[in-house]
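First up is the structure itself, then whatever we jot down about it.
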Number of protein chains: 2
Amino acid sequence: MGQGARRPGEFELIDRYFRPLATSPGAFGLGDDAALFRAAAGDDVLLKTDLVAAGVHFFPDDPPGSIAKKALRVNLSDIASKGGVPVGYLLSLALPADWTEAWVKAFAAGLKADQKTYGVTLFGGDTSRAAGGLTVSVAAIGRIPRGGMVHRSGAAPGDLLYVSGTIGDAALALAVRLGRINARAAGRGAISLLDRYLHPQPRMGLAAAIRRYASAAMDVSDGLVGDFGHICRQSKVSGVIEAAAVPLSPAARRLVRADPGLMTTVLTGGDDYEILAAIPPKNAAGFERAARAAGVPVTRIGQVRAGKGRPAVVDATGSPVPLEHVSYDHFG
Amino acid sequence: MGQGARRPGEFELIDRYFRPLATSPGAFGLGDDAALFRAAAGDDVLLKTDLVAAGVHFFPDDPPGSIAKKALRVNLSDIASKGGVPVGYLLSLALPADWTEAWVKAFAAGLKADQKTYGVTLFGGDTSRAAGGLTVSVAAIGRIPRGGMVHRSGAAPGDLLYVSGTIGDAALALAVRLGRINARAAGRGAISLLDRYLHPQPRMGLAAAIRRYASAAMDVSDGLVGDFGHICRQSKVSGVIEAAAVPLSPAARRLVRADPGLMTTVLTGGDDYEILAAIPPKNAAGFERAARAAGVPVTRIGQVRAGKGRPAVVDATGSPVPLEHVSYDHFG
């Protein structure tokens, strides 16, 4: 981040950059000790927290606005995957010793842009310096009609497995950035992959369709196969993913064609922030129609089956595809 | 923290140490992507986040259970100061590279003890490794009867200023730990001071009295004088604190007697987590009675006055006491 001139104090930082984000009346302009949220009659409150840390979820020199957006969006993605509508968020910002005002300004600008995009506002926060790298923790607040929350636990044998968007882009981008994939092989596609890594696109538009049609859903953050495993475990079922059906972006497809072994990265790498949903067959047509109307591409990639144990991944011939590991572990 | 044997993965950690803390039905045993909270009819939701970071709010080698308690309690203190009742919390834990399972186990045990003490449960969380030192961010969820929230902004000229407990202990403890005060001067009292630094005592018992009798309130975290300044600014008033009336613990009194200059540390050091409240004169007797019934000592230390600008601190003769700075700034 590099040292700058005189840096503002904590209260000045809040005044200049964060108070303008606190536009909800219940945030009291960040001038009180807590925020007040009133759920509408018939609504429940959804709560979710995810943190992102320098060197783990982003590179310390990534654009501050991108870091802000990623920190917020990974939480909004969870709200959407439950069928909820995001309302606001709390922000905890632990700044490294060499923070600059310019960095905080750009970080807040990223939040401001996303507040407009996603219809959320800042409800409160805390800013402190920290020993070590930047850590950003967001707690998202959503609303959902009573009884409308879609769980991981509702999948039943026979349900069809759908995923939104494309899978693997962010994990491939990370591999390129870490030099594990030749950037030349990625070609111009590397830029679109990098954008997926920096700027997850939470599928807010799909939330209503999930609420109406899905028996179970979650967002794909730890890897497609591992996350389907979470649904299976919570639902006490098993299932199958057809590797050939998993939707890939053109850039990802090019990389996998050059090195088929990268399909493991695609299927287990994580950081996708797409929605994985189990849809009862009788709901499939309605779900596809609703997704189309929402402008969110969805693809059928497998099925829920009776039984227990990890879901299988099969190739076009139905043979199991071996995977080295099934999910990204932050301590792995 | 020291390296240990083989360390569990993220999901194992959650299973072993955090899932047992998620006892509310709406937490779904941490087995879903978000928690569900339903406010009772007539209640609003209070939301607050505060983070604590190694080297800023605690020492990296402080007992893990104490770090956990501090991270939780600084948030509960805010809920209490608004007149609210805490319900649960979200936890974001960024672990340094050398974390051990024993450390996490002790950290979770600290949370478990406090959950029982304060009647809260874990609603969700995220655990990750981080570059640098430990950072713990808690987002607390509270409930409050509609219209019952006590703001910083309600103080009126003539209101009496009260504070709970004693002031300055934690700041003096920090000064002892940093070698700025001779530990010998603190004597055996150093232990009680240290306990105040490690284990803030959020004044949950005073919340109902605050809700009923206070015109404005907040918890003292950034320093008594600075925090009273926040109330004054938000309430568009000024005020006065009588330094001699500020309640000191026996250990703090001994230190200040030996070095009167330490009174600045007491008045501006922060980390007290006591409640500062403006009480209209007609409510004073009721407030004192309710506090006594709740077993929380409260002391009248000053008064709200008309005007604008920083509140004054006066000595026993009514002369202003000079203070070097008025509030702890996390970037100062």
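For the structure tokens, the naming scheme is as follows: chains receive sequential letters (A, B, ...) according to their order of presentation, residues are indexed from 1 within each chain, and ligands are indexed from 1 in presentation order.
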
Apply DSSP to the structure's backbone, then extract all residues of segment 110-285 of chain A labelled strand (DSSP E or B) and return them as a ChimeraX atom specification. /A:121-129,132,135-145,160-164,216-220,238-242,274-279

Using 7 Å as the limit and counting only C-alpha atoms, can you tabulate each residue of chain A that touches chain B, with its shortest atom-to-atom distance in Å and the two atoms involved, as a tab-separated table?
```
residue	atom	partner	partner_atom	distance
A:Gly9	CA	B:Phe331	CA	5.8
A:Glu10	CA	B:Asp329	CA	6.0
A:Asp32	CA	B:Arg152	CA	5.9
A:Asp33	CA	B:Asp78	CA	5.7
A:Ala34	CA	B:Lys48	CA	4.8
A:Ala35	CA	B:Leu47	CA	5.0
A:Leu36	CA	B:Leu46	CA	4.8
A:Phe37	CA	B:Val45	CA	5.0
A:Arg38	CA	B:Asp44	CA	5.0
A:Asp44	CA	B:Arg38	CA	5.0
A:Val45	CA	B:Phe37	CA	5.0
A:Leu46	CA	B:Leu36	CA	4.8
A:Leu47	CA	B:Ala35	CA	5.0
A:Lys48	CA	B:Ala34	CA	4.8
A:Thr49	CA	B:Gly125	CA	5.7
A:Asp50	CA	B:Asp126	CA	5.3
A:Leu51	CA	B:Ser92	CA	6.3
A:Ala53	CA	B:Ala130	CA	5.6
A:Ala54	CA	B:Ala131	CA	6.4
A:Gly55	CA	B:Ala131	CA	6.3
A:Val56	CA	B:Ala130	CA	6.6
A:Asp78	CA	B:Asp33	CA	5.7
A:Ile79	CA	B:Ala34	CA	6.9
A:Leu90	CA	B:Thr49	CA	6.5
A:Ser92	CA	B:Leu51	CA	6.3
A:Gly124	CA	B:Lys48	CA	6.6
A:Gly125	CA	B:Thr49	CA	5.7
A:Asp126	CA	B:Asp50	CA	5.3
A:Ser128	CA	B:His330	CA	5.7
A:Arg129	CA	B:Phe331	CA	6.4
A:Ala130	CA	B:Ala53	CA	5.6
A:Ala131	CA	B:Gly133	CA	5.1
A:Gly132	CA	B:Gly132	CA	3.4
A:Gly133	CA	B:Ala131	CA	5.1
A:Ser137	CA	B:Ser92	CA	6.7
A:Ala139	CA	B:Ala139	CA	7.0
A:His151	CA	B:Asp32	CA	6.4
A:Arg152	CA	B:Asp32	CA	5.9
A:Met218	CA	B:Asp33	CA	6.5
A:Asp329	CA	B:Glu10	CA	6.1
A:His330	CA	B:Ser128	CA	5.7
A:Phe331	CA	B:Gly9	CA	5.8
A:Gly332	CA	B:Gly9	CA	6.7
```

Taking 2 positions as the minimum chain separation for residues in the same chain, which residues sit within 12 Å of Ile181 of chain B when counting only C-alpha atoms? Answer as JSON, numbers by chain. {"B": [171, 172, 173, 174, 175, 176, 177, 178, 179, 183, 184, 185, 186, 187, 190, 252, 255, 256, 258, 259, 261, 262, 265]}

Selection file, N, CA and C atoms, as a CSV table (one decimal), in the first residue's frame:
```csv
chain,number,residue,atom,x,y,z
B,171,ALA,N,-7.4,0.8,30.9
B,171,ALA,CA,-6.3,1.6,30.4
B,171,ALA,C,-5.1,1.6,31.2
B,172,LEU,N,-5.2,1.6,32.6
B,172,LEU,CA,-4.1,1.5,33.5
B,172,LEU,C,-3.4,0.1,33.3
B,173,ALA,N,-4.2,-0.9,33.2
B,173,ALA,CA,-3.6,-2.2,33.0
B,173,ALA,C,-2.8,-2.3,31.7
B,174,LEU,N,-3.3,-1.7,30.7
B,174,LEU,CA,-2.5,-1.7,29.4
B,174,LEU,C,-1.2,-0.9,29.6
B,175,ALA,N,-1.3,0.2,30.4
B,175,ALA,CA,0.0,1.0,30.6
B,175,ALA,C,1.0,0.2,31.4
B,176,VAL,N,0.5,-0.6,32.4
B,176,VAL,CA,1.4,-1.5,33.2
B,176,VAL,C,2.0,-2.5,32.2
B,177,ARG,N,1.2,-3.1,31.4
B,177,ARG,CA,1.7,-4.2,30.5
B,177,ARG,C,2.7,-3.7,29.5
B,178,LEU,N,2.5,-2.4,29.1
B,178,LEU,CA,3.4,-1.8,28.2
B,178,LEU,C,4.6,-1.2,28.9
B,179,GLY,N,4.7,-1.3,30.2
B,179,GLY,CA,5.8,-0.8,30.9
B,179,GLY,C,5.8,0.7,31.1
B,183,ALA,N,5.1,-1.6,37.4
B,183,ALA,CA,4.2,-2.7,37.9
B,183,ALA,C,4.3,-2.7,39.5
B,184,ARG,N,5.4,-2.3,40.0
B,184,ARG,CA,5.6,-2.3,41.5
B,184,ARG,C,4.6,-1.3,42.1
B,185,ALA,N,4.4,-0.1,41.4
B,185,ALA,CA,3.5,0.9,41.9
B,185,ALA,C,2.1,0.4,41.9
B,186,ALA,N,1.8,-0.5,41.0
B,186,ALA,CA,0.4,-1.1,40.9
B,186,ALA,C,0.2,-2.1,42.0
B,187,GLY,N,1.3,-2.8,42.4
B,187,GLY,CA,1.3,-3.8,43.4
B,187,GLY,C,0.3,-4.9,43.1
B,190,ALA,N,-2.5,-4.7,40.4
B,190,ALA,CA,-2.2,-4.9,39.0
B,190,ALA,C,-3.1,-6.1,38.5
B,252,ALA,N,-6.8,1.5,41.0
B,252,ALA,CA,-6.7,2.7,40.1
B,252,ALA,C,-6.4,3.9,41.0
B,255,LEU,N,-2.8,4.1,42.1
B,255,LEU,CA,-1.9,4.6,41.1
B,255,LEU,C,-2.0,6.1,40.8
B,256,VAL,N,-3.3,6.5,40.8
B,256,VAL,CA,-3.5,8.0,40.6
B,256,VAL,C,-3.0,8.8,41.7
B,258,ALA,N,-0.4,8.1,43.5
B,258,ALA,CA,1.1,8.1,43.3
B,258,ALA,C,1.5,9.0,42.2
B,259,ASP,N,0.7,9.1,41.1
B,259,ASP,CA,1.0,9.9,40.0
B,259,ASP,C,-0.3,10.5,39.4
B,261,GLY,N,-0.9,12.5,37.3
B,261,GLY,CA,-0.9,12.6,35.8
B,261,GLY,C,-1.7,11.5,35.2
B,262,LEU,N,-1.8,10.4,35.9
B,262,LEU,CA,-2.4,9.2,35.3
B,262,LEU,C,-3.9,9.4,35.2
B,265,THR,N,-5.0,9.2,31.7
B,265,THR,CA,-5.2,7.9,31.2
B,265,THR,C,-6.6,7.3,31.6
```

I want to know what sits within 12 Å of Tyr162 of chain A, based on only C-alpha atoms, with residues of the same chain fewer than 6 positions away left out; could you give that as a PDB file with N, CA and C atoms, in the first residue's frame?
```pdb
ATOM      1  N   LEU A 206     -31.655 -14.813  -9.329  1.00  0.00           N
ATOM      2  CA  LEU A 206     -32.185 -16.181  -9.304  1.00  0.00           C
ATOM      3  C   LEU A 206     -32.908 -16.498  -7.986  1.00  0.00           C
ATOM      4  N   ILE A 210     -35.309 -19.748  -7.032  1.00  0.00           N
ATOM      5  CA  ILE A 210     -34.845 -20.728  -6.050  1.00  0.00           C
ATOM      6  C   ILE A 210     -35.914 -20.932  -4.982  1.00  0.00           C
ATOM      7  N   TYR A 213     -38.927 -22.847  -6.652  1.00  0.00           N
ATOM      8  CA  TYR A 213     -38.818 -24.145  -7.322  1.00  0.00           C
ATOM      9  C   TYR A 213     -37.825 -25.125  -6.705  1.00  0.00           C
ATOM     10  N   ALA A 214     -36.853 -24.648  -5.917  1.00  0.00           N
ATOM     11  CA  ALA A 214     -35.771 -25.536  -5.467  1.00  0.00           C
ATOM     12  C   ALA A 214     -36.148 -26.286  -4.191  1.00  0.00           C
ATOM     13  N   SER A 215     -35.715 -27.531  -4.104  1.00  0.00           N
ATOM     14  CA  SER A 215     -35.880 -28.287  -2.858  1.00  0.00           C
ATOM     15  C   SER A 215     -34.674 -28.082  -1.942  1.00  0.00           C
ATOM     16  N   ALA A 216     -33.536 -27.751  -2.527  1.00  0.00           N
ATOM     17  CA  ALA A 216     -32.313 -27.467  -1.767  1.00  0.00           C
ATOM     18  C   ALA A 216     -31.427 -26.589  -2.639  1.00  0.00           C
ATOM     19  N   ALA A 217     -30.624 -25.755  -2.002  1.00  0.00           N
ATOM     20  CA  ALA A 217     -29.711 -24.907  -2.767  1.00  0.00           C
ATOM     21  C   ALA A 217     -28.599 -24.391  -1.880  1.00  0.00           C
ATOM     22  N   MET A 218     -27.508 -24.009  -2.510  1.00  0.00           N
ATOM     23  CA  MET A 218     -26.417 -23.319  -1.822  1.00  0.00           C
ATOM     24  C   MET A 218     -25.579 -22.614  -2.869  1.00  0.00           C
ATOM     25  N   ASP A 219     -24.690 -21.748  -2.435  1.00  0.00           N
ATOM     26  CA  ASP A 219     -23.797 -21.173  -3.432  1.00  0.00           C
ATOM     27  C   ASP A 219     -22.499 -21.963  -3.460  1.00  0.00           C
ATOM     28  N   VAL A 220     -21.873 -21.979  -4.623  1.00  0.00           N
ATOM     29  CA  VAL A 220     -20.648 -22.760  -4.815  1.00  0.00           C
ATOM     30  C   VAL A 220     -19.467 -21.880  -4.445  1.00  0.00           C
ATOM     31  N   LEU A 224     -17.402 -27.134  -6.632  1.00  0.00           N
ATOM     32  CA  LEU A 224     -18.682 -27.708  -7.051  1.00  0.00           C
ATOM     33  C   LEU A 224     -18.941 -29.071  -6.422  1.00  0.00           C
ATOM     34  N   PHE A 228     -21.707 -29.852  -3.551  1.00  0.00           N
ATOM     35  CA  PHE A 228     -22.808 -30.806  -3.761  1.00  0.00           C
ATOM     36  C   PHE A 228     -22.784 -31.862  -2.650  1.00  0.00           C
ATOM     37  N   VAL A 240     -25.052 -37.609  -8.443  1.00  0.00           N
ATOM     38  CA  VAL A 240     -24.063 -37.727  -9.501  1.00  0.00           C
ATOM     39  C   VAL A 240     -23.964 -36.405 -10.259  1.00  0.00           C
ATOM     40  N   ILE A 241     -22.735 -36.038 -10.594  1.00  0.00           N
ATOM     41  CA  ILE A 241     -22.479 -34.886 -11.467  1.00  0.00           C
ATOM     42  C   ILE A 241     -21.877 -35.413 -12.762  1.00  0.00           C
ATOM     43  N   GLU A 242     -22.447 -35.005 -13.899  1.00  0.00           N
ATOM     44  CA  GLU A 242     -21.878 -35.379 -15.204  1.00  0.00           C
ATOM     45  C   GLU A 242     -20.855 -34.322 -15.596  1.00  0.00           C
ATOM     46  N   ALA A 245     -21.270 -32.155 -18.558  1.00  0.00           N
ATOM     47  CA  ALA A 245     -22.398 -31.214 -18.575  1.00  0.00           C
ATOM     48  C   ALA A 245     -22.086 -29.927 -17.820  1.00  0.00           C
ATOM     49  N   VAL A 246     -21.011 -29.929 -17.031  1.00  0.00           N
ATOM     50  CA  VAL A 246     -20.689 -28.736 -16.226  1.00  0.00           C
ATOM     51  C   VAL A 246     -20.348 -27.571 -17.155  1.00  0.00           C
ATOM     52  N   PRO A 247     -21.052 -26.468 -17.019  1.00  0.00           N
ATOM     53  CA  PRO A 247     -20.875 -25.353 -17.957  1.00  0.00           C
ATOM     54  C   PRO A 247     -19.548 -24.630 -17.755  1.00  0.00           C
ATOM     55  N   GLU A 274     -21.602 -19.278  -7.861  1.00  0.00           N
ATOM     56  CA  GLU A 274     -22.799 -19.610  -8.629  1.00  0.00           C
ATOM     57  C   GLU A 274     -23.746 -20.345  -7.689  1.00  0.00           C
ATOM     58  N   ILE A 275     -24.987 -20.515  -8.112  1.00  0.00           N
ATOM     59  CA  ILE A 275     -25.949 -21.224  -7.270  1.00  0.00           C
ATOM     60  C   ILE A 275     -26.137 -22.651  -7.764  1.00  0.00           C
ATOM     61  N   LEU A 276     -26.022 -23.570  -6.826  1.00  0.00           N
ATOM     62  CA  LEU A 276     -26.240 -24.991  -7.077  1.00  0.00           C
ATOM     63  C   LEU A 276     -27.590 -25.345  -6.458  1.00  0.00           C
ATOM     64  N   ALA A 277     -28.481 -25.928  -7.277  1.00  0.00           N
ATOM     65  CA  ALA A 277     -29.848 -26.151  -6.784  1.00  0.00           C
ATOM     66  C   ALA A 277     -30.372 -27.516  -7.179  1.00  0.00           C
ATOM     67  N   ALA A 278     -31.064 -28.151  -6.243  1.00  0.00           N
ATOM     68  CA  ALA A 278     -31.791 -29.388  -6.538  1.00  0.00           C
ATOM     69  C   ALA A 278     -33.232 -29.006  -6.860  1.00  0.00           C
ATOM     70  N   ILE A 279     -33.692 -29.435  -8.025  1.00  0.00           N
ATOM     71  CA  ILE A 279     -35.024 -29.052  -8.506  1.00  0.00           C
ATOM     72  C   ILE A 279     -35.841 -30.326  -8.732  1.00  0.00           C
ATOM     73  N   PRO A 280     -36.956 -30.477  -8.038  1.00  0.00           N
ATOM     74  CA  PRO A 280     -37.810 -31.637  -8.308  1.00  0.00           C
ATOM     75  C   PRO A 280     -38.220 -31.639  -9.785  1.00  0.00           C
ATOM     76  N   PRO A 281     -38.257 -32.822 -10.425  1.00  0.00           N
ATOM     77  CA  PRO A 281     -38.542 -32.879 -11.874  1.00  0.00           C
ATOM     78  C   PRO A 281     -39.795 -32.105 -12.280  1.00  0.00           C
ATOM     79  N   ASN A 283     -40.783 -29.434 -11.197  1.00  0.00           N
ATOM     80  CA  ASN A 283     -40.522 -27.991 -11.167  1.00  0.00           C
ATOM     81  C   ASN A 283     -39.529 -27.547 -12.231  1.00  0.00           C
ATOM     82  N   ALA A 284     -38.955 -28.503 -12.951  1.00  0.00           N
ATOM     83  CA  ALA A 284     -37.811 -28.173 -13.814  1.00  0.00           C
ATOM     84  C   ALA A 284     -38.185 -27.152 -14.880  1.00  0.00           C
ATOM     85  N   PHE A 287     -38.651 -23.764 -13.322  1.00  0.00           N
ATOM     86  CA  PHE A 287     -37.372 -23.189 -12.887  1.00  0.00           C
ATOM     87  C   PHE A 287     -36.596 -22.645 -14.080  1.00  0.00           C
ATOM     88  N   GLU A 288     -36.537 -23.431 -15.145  1.00  0.00           N
ATOM     89  CA  GLU A 288     -35.782 -22.980 -16.324  1.00  0.00           C
ATOM     90  C   GLU A 288     -36.404 -21.719 -16.910  1.00  0.00           C
ATOM     91  N   ALA A 291     -35.598 -18.777 -14.582  1.00  0.00           N
ATOM     92  CA  ALA A 291     -34.190 -18.381 -14.703  1.00  0.00           C
ATOM     93  C   ALA A 291     -33.972 -17.589 -15.989  1.00  0.00           C
ATOM     94  N   VAL A 296     -30.589 -15.265 -16.007  1.00  0.00           N
ATOM     95  CA  VAL A 296     -29.501 -16.033 -15.403  1.00  0.00           C
ATOM     96  C   VAL A 296     -29.434 -17.408 -16.074  1.00  0.00           C
ATOM     97  N   PRO A 297     -28.323 -17.702 -16.766  1.00  0.00           N
ATOM     98  CA  PRO A 297     -28.204 -19.029 -17.390  1.00  0.00           C
ATOM     99  C   PRO A 297     -28.105 -20.119 -16.326  1.00  0.00           C
ATOM    100  N   VAL A 298     -28.848 -21.197 -16.521  1.00  0.00           N
ATOM    101  CA  VAL A 298     -28.735 -22.352 -15.623  1.00  0.00           C
ATOM    102  C   VAL A 298     -28.572 -23.611 -16.469  1.00  0.00           C
ATOM    103  N   THR A 299     -27.840 -24.562 -15.940  1.00  0.00           N
ATOM    104  CA  THR A 299     -27.547 -25.794 -16.675  1.00  0.00           C
ATOM    105  C   THR A 299     -27.793 -26.985 -15.771  1.00  0.00           C
ATOM    106  N   ARG A 300     -28.420 -27.988 -16.339  1.00  0.00           N
ATOM    107  CA  ARG A 300     -28.611 -29.229 -15.590  1.00  0.00           C
ATOM    108  C   ARG A 300     -27.323 -30.030 -15.652  1.00  0.00           C
ATOM    109  N   ILE A 301     -26.776 -30.368 -14.518  1.00  0.00           N
ATOM    110  CA  ILE A 301     -25.464 -31.029 -14.507  1.00  0.00           C
ATOM    111  C   ILE A 301     -25.484 -32.378 -13.798  1.00  0.00           C
ATOM    112  N   GLY A 302     -26.606 -32.821 -13.301  1.00  0.00           N
ATOM    113  CA  GLY A 302     -26.596 -34.103 -12.604  1.00  0.00           C
ATOM    114  C   GLY A 302     -27.917 -34.367 -11.924  1.00  0.00           C
ATOM    115  N   GLN A 303     -27.860 -35.249 -10.955  1.00  0.00           N
ATOM    116  CA  GLN A 303     -29.095 -35.677 -10.313  1.00  0.00           C
ATOM    117  C   GLN A 303     -28.831 -36.113  -8.875  1.00  0.00           C
ATOM    118  N   VAL A 304     -29.857 -35.952  -8.065  1.00  0.00           N
ATOM    119  CA  VAL A 304     -29.823 -36.447  -6.692  1.00  0.00           C
ATOM    120  C   VAL A 304     -30.289 -37.899  -6.709  1.00  0.00           C
TER     121      VAL A 304
END
```

In Å, rounded to a single decimal, give me how far atom CA of Ala209 of chain A is from atom CA of Ser192 of chain A.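 Rounded to one decimal, the two atoms are 27.3 Å apart.
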
Pick from B:Ala170, B:Leu267, B:Ala290, B:Ala68 nearest to Val225 of chain B, counting only C-alpha atoms: B:Leu267

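Interatomic distance, atom CA of Leu72 of chain B against atom CA of Ala251 of chain B: 25.8 Å.
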